[in-house]
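Colleague: Dropping the structure in here first, questions after.
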Amino acid sequence: MDFILIQLTGFGGEFMDLVTDPLTYFYLILSVFLGITFGALPGLTATLAVTILTGFFGNKIPLDYSMIALLGAYVGAIYGGSYPSILLNIPGTAASAASAMDGYPLAKAGRGGEALGLTTTASFIGTLIGTIALLIFVWVLLLMSKNIASPEKALLALFGILLSGTLMSEDLVIKGWIAGLIGLAMAMVGLDPILSEQRYTFGWSYLLSGFQVVPVLMGAFAIPQIIDGMRYAKIGQVIELQGRIMPNLAAIKRYMPTIGRSGVIGTGVGALPGVGEDVAGWVSYGVGKTVSAEGDQFGKGSLEGLLSSETANNACIGGALIPLLVLGIPGSPPAAALMGAFKINNVIPGPTIDPQIILRVVAIMVLASFTMFLMGLFTARIFIKILRIPKTIFLPIVMVLTTIGSFSVGGGINDLYLMLGVGFVAYFMNMLKYPIAPLVIGVILGGMFDETFRRTLLISDGDFMAFASRPGALILLVLNIALILSQIPITKRLFAHLKRKVA
Amino acid sequence: MKFEFGKITAIVALVATFGTGATAQDYPYRDITTAVVWGAGGGTDTVNRMIMAEMEKHLPVSINVTNQTGGVAGSNGMVYVMNQPDDGYTLVGLSESNVTAAVQGGWDQKFDYWYPFIVGGSPDLISVPADSPYQTLQDLVDAAKAAPGTIPAAAGGAGSIHHLNLLAIQSGADATFKFVPYKGSAPGQEAAIAGEVALVVTSLAEQAALIEGGQLRPLAMLTPETAEIAGMTVPSAFDIYDGLDAHLPLKQAIGFAVHNSASDNVKAILTEAFDKAMAGDTVKEWAMANNYDIGGQSGADAQALFSKLEATFAYTLKNLGSTTVDPMSLGIMKP
């Protein structure tokens, strides 16, 4: 009980600090606005918003403020994606893809205002659910994580890369794994973490410190988006908005169970390493369709369908921050960009992270969700106008911003070559339907995997049983093996066979 | 690349010459920038922000602290400041760990390129997890003698000040541990708490919170002095094993530096401000609260201290096989 009280007072203190600091509002309003704009413009994603801000704010302003900017943009962008989903039938971000299924039919039926009002409220409640889960689970996990040593970390990192590969693939799971392995290979470049030997540096001193996270993020997430956007620069027809954008309180009340369920699903999906808001939206939509009484209406303009996906994708944010703060494993691609921001500020997320940072993150999330809610209700028409900006104007601006951001973190021209190189590779991988998120997760977790895997073997004198000798490690090892086996054709067939026998 | 570099240096030199010719005002007449070579929030960064704020009070201008991280052993920041004019308007914030940049191929200068000022450092100590069977340093050393090279020990990365301290206690107490490298002190301390390693050697400042929280048990200071923390007196390893003074103490040296080629006037003004700041109560209180020992050396004294550290580090790294440049070729003599 005392513990909860201490947490609440700690949170209250941080919250008051934020509320009474006028600079908070400056960063908050600016970043949430920017986030919603990025989310609303088709082709610009939440990951991109957070990445670009990492480049701009990461090491220029104190971490306390850059966290406001990054989290504000994150919350705003995930929400902003719902505008074009509803009004254009084009998801602003992948996270809102499921929202278009019901949002667009609603807008066509002249209920666009109602739909926007509901998604705003649902996003708000979803963010809060995720944030509360973050506040609770982060402490539970932190207590457990005191026992997490190298073998567990190695297996967790591997699990993150594999899981991200499995769930982010559009067609073949193996493509996701290949992308993850490419990321893992990229993480090997530089001084090795155990013996400080040079690896794959070709005598080039720039490569000694390895591939820098921010240029890789920019290259992987921004460049392909921009090229792709310029290739198909067609503006959709924005449906004229009818009715006022107000939350329909009666509907919210009626659908409260749906919102609650979707919030929990979203948080859970977010907490899985490397799996983001888009998966959360679809999973929640899928679950909603199966369990809801009006499931047959999904896809034809069902409010419940819209709420399912919109609550879940925002709840995912809080969930994604849990593994990030406790273990240094980003729970979603935008969280990977946040990880980059922590890294350049020398904050190492993990069991010994300053508890103050966690409380501050929670306080910022609460404020950001309120800001997003108010902006959604009162300035929505501005965002709808933004939808009419042609891609040919905003994409080049974004390219310039990306370049400046990428350059300003390290201050070296080589970072730009790296960004462009990664960008072109990522573009062709996109064309071949190789998911890019597992690659980035591979780059970020690869270093951790490499270091902890080899350290485990160093301590055990090369005995691989070290990975099964601790209870936590054993569980994770089994999970990893199960994940790989579940995708191998032989075991798949075997399972199908067994199923038929049982049935 | 070489050619361009030469060109840039030439231009910088040219601008610098004209600059000084045109404005023969007294130093300092504009703001000073200190580029810290380690990240924001780390020990070197914190120390520099603290001391620069104090020195400002004794100078007519402000001092801005920025961070220029990356490279090998902080070489990016050092190269950056090296390429700035040596007029005393760009200082570099650094620590003892930077002395390895040359032998690891980060840059091609001996450390006496700098004219350093040492604020201080936190002393190293040897600790074990709270549930460890080892109650004293003797227990630990006896166990290591019984089974040489099997007891895992964390002490930062290979070639760090903490690793050097571990090596020194090994030679002094004639025992061998199994050194397990970690990227920095915090991950090594986490590993000790998780039970992955049996002991950890890092600085008192870094361990303070964990000792006070009852997660680590301090066994011995690796300095001649004892220390008081969390209501305990931590004994000095020097009182337990004779002959340690041949290898220890190897202490952190955190501070800042100006180009050694800067004018005597610049050096004198900086030294005066530094001495005044170090004599102030703020520095003493800060050091007390953060478990730091105050240094206060500057100029020749500080250079002598750094060149000893440079030699010790260089040849230890050479023995570990992790140098890319032979220390002898840089003119670094065996300690």
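Ordering of the structure tokens sets the chain letters (A, B, ...), residue numbers begin anew at 1 in every chain, and ligands are numbered from 1 in the order given.
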Neighbouring residues of B:Val79 were defined as those with any atom within 10 Å, considering only C-alpha atoms; residues of the same chain fewer than 6 positions away were excluded. Please report them as a PyMOL selection string.
Modeller: chain B and resi 37+68+71+92+106-109
Colleague: For the residues selected in the previous step, produce a file with C-alpha atoms as a short mmCIF file (atom, residue, chain, number, x, y, z; two decimals), in the first residue's frame.
Modeller:
data_model
loop_
_atom_site.label_atom_id
_atom_site.label_comp_id
_atom_site.auth_asym_id
_atom_site.auth_seq_id
_atom_site.Cartn_x
_atom_site.Cartn_y
_atom_site.Cartn_z
CA VAL B 37 33.77 14.73 -25.02
CA GLN B 68 30.83 16.47 -28.68
CA GLY B 71 34.80 8.41 -31.84
CA VAL B 92 37.63 20.61 -23.87
CA GLY B 106 41.24 7.85 -32.37
CA TRP B 107 43.70 10.67 -33.01
CA ASP B 108 47.43 11.08 -33.39
CA GLN B 109 48.44 13.31 -30.47
#
Colleague: For chain B, list the residues within 7 Å of chain A, counting only C-alpha atoms, and write the list as a list in words.
Modeller: Gly39, Ala40, Gly41, Gly71, Pro152, Ala158, Pro181, Lys183, Ala191, Ile193, Ala194, Glu196 and Ser322 of chain B
Colleague: Do a neighbour search on A:Ala133 at 8 Å with only C-alpha atoms, toss out local chain neighbours closer than 3 positions, and write the hits as a compact mmCIF listing (two decimals) with N, CA and C atoms, in the first residue's frame.
Modeller:
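Now in around.txt:
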# COMPACT_ATOMS: atom_id res chain seq x y z
N ILE A 129 -5.53 4.54 -20.86
CA ILE A 129 -5.46 3.13 -20.43
C ILE A 129 -4.03 2.63 -20.55
N GLY A 130 -3.41 2.91 -21.70
CA GLY A 130 -2.02 2.49 -21.90
C GLY A 130 -1.10 3.10 -20.85
N ILE A 136 1.64 0.96 -13.79
CA ILE A 136 1.57 -0.22 -12.92
C ILE A 136 2.63 -1.24 -13.29
N PHE A 137 2.65 -1.62 -14.59
CA PHE A 137 3.47 -2.77 -14.97
C PHE A 137 4.96 -2.48 -14.96
N VAL A 138 5.29 -1.22 -15.21
CA VAL A 138 6.70 -0.90 -15.23
C VAL A 138 7.34 -1.23 -13.87
N THR A 267 -2.67 -2.23 -25.33
CA THR A 267 -1.54 -2.18 -24.41
C THR A 267 -0.72 -3.46 -24.50
N GLY A 318 1.41 3.43 -24.57
CA GLY A 318 1.82 3.15 -23.20
C GLY A 318 2.43 1.78 -23.08
N GLY A 319 1.80 0.82 -23.76
CA GLY A 319 2.32 -0.55 -23.74
C GLY A 319 3.73 -0.63 -24.30
Colleague: Could you pull the residues within 10 Å of A:Pro323, counting only C-alpha atoms, minus those fewer than 4 positions along the same chain, as a ChimeraX atom specification?
Modeller: /A:134,137-138,141-142,270-274,318-319,327-332,335,349-350
Colleague: Residues of stretch 180-208 of chain B that approach stretch 286-308 of chain B to 8 Å or less, counting only C-alpha atoms: could you list each one with the shortest pair of atoms and its distance in Å to one decimal, rows by chain and increasing residue number, as CSV?
Modeller:
residue,atom,partner,partner_atom,distance
B:Leu204,CA,B:Asn291,CA,6.3
B:Ala205,CA,B:Asn291,CA,5.1
B:Ala208,CA,B:Asn291,CA,7.7
Colleague: Pick out the residues sitting within 9 Å of B:Met50, and hand them over as a list in words; count only C-alpha atoms, and ignore anything fewer than 5 positions along from it in its own chain.
Modeller: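 After dropping sequence-adjacent residues, the list is Asp45, Met55, Thr282, Val283 and Trp286 of chain B.
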Colleague: Can you tell me, as a ChimeraX atom specification, what residues are no more than 6 Å from A:Ser262 when counting only C-alpha atoms, ignoring any on the same chain fewer than 5 positions away?
Modeller: /A:284,308,311-312
Colleague: Given the selection you just returned, output its residues as a file containing N, CA and C atoms, formatted as an mmCIF file, in the first residue's frame.
Modeller:
data_model
loop_
_atom_site.group_PDB
_atom_site.id
_atom_site.type_symbol
_atom_site.label_atom_id
_atom_site.label_comp_id
_atom_site.auth_asym_id
_atom_site.auth_seq_id
_atom_site.Cartn_x
_atom_site.Cartn_y
_atom_site.Cartn_z
ATOM 1 N N SER A 284 -7.127 -5.738 -32.479
ATOM 2 C CA SER A 284 -8.296 -5.325 -31.725
ATOM 3 C C SER A 284 -9.541 -5.326 -32.607
ATOM 4 N N SER A 308 -12.873 0.147 -31.829
ATOM 5 C CA SER A 308 -11.964 -0.963 -31.548
ATOM 6 C C SER A 308 -10.554 -0.614 -31.975
ATOM 7 N N THR A 311 -9.050 2.971 -30.304
ATOM 8 C CA THR A 311 -8.645 2.900 -28.902
ATOM 9 C C THR A 311 -7.354 2.109 -28.795
ATOM 10 N N ALA A 312 -7.321 0.983 -29.508
ATOM 11 C CA ALA A 312 -6.179 0.076 -29.374
ATOM 12 C C ALA A 312 -4.889 0.729 -29.854
#
Colleague: Could you write out, as a PyMOL selection string, all the residues of stretch 184-253 of chain B that DSSP marks as strand (DSSP E)?
Modeller: chain B and resi 199-203+216-221+227-229+232-234
Colleague: Would you mind exporting the chosen residues as a compact mmCIF listing (two decimals), in the first residue's frame, restricted to C-alpha atoms?
Modeller:
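Output contents, as saved in out-v3.txt:
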# COMPACT_ATOMS: atom_id res chain seq x y z
CA LEU B 199 32.27 -8.76 -7.57
CA VAL B 200 32.34 -5.33 -9.14
CA VAL B 201 35.01 -2.63 -9.24
CA THR B 202 33.65 0.85 -10.03
CA SER B 203 33.77 4.25 -8.37
CA LEU B 216 25.79 -3.99 -2.95
CA ARG B 217 28.13 -4.65 -0.01
CA PRO B 218 31.38 -2.67 -0.11
CA LEU B 219 34.49 -4.72 0.77
CA ALA B 220 37.46 -2.39 0.36
CA MET B 221 38.52 0.97 -1.01
CA ALA B 227 35.49 5.86 3.28
CA GLU B 228 32.26 6.43 5.16
CA ILE B 229 29.04 5.43 3.46
CA MET B 232 29.65 1.89 7.45
CA THR B 233 33.37 2.43 7.31
CA VAL B 234 34.80 0.81 4.21
Colleague: Tell me which protein, DNA and RNA residues are within 8 Å of A:Ala46, counting only C-alpha atoms, leaving out same-chain ones fewer than 3 positions away, and put them as a list of chain:residue names.
Modeller: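 That gives A:Gly35, A:Phe38, A:Gly39, A:Ala49, A:Val50, A:Ala73, A:Tyr74, A:Ala77, A:Ile78, A:Thr93, A:Pro334.
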Colleague: Which of these residues is nearest to A:Ser406, using only C-alpha atoms: A:Val279, A:Ile36, A:Ile68, A:Val216?
Modeller: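 Among A:Val279, A:Ile36, A:Ile68, A:Val216, it is A:Val216 that comes nearest to A:Ser406.
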Colleague: Enter the distance from atom CA of A:Ala363 to atom CA of A:Glu277, in Å, rounded to one decimal.
Modeller: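 Rounded to one decimal, the two atoms are 21.1 Å apart.
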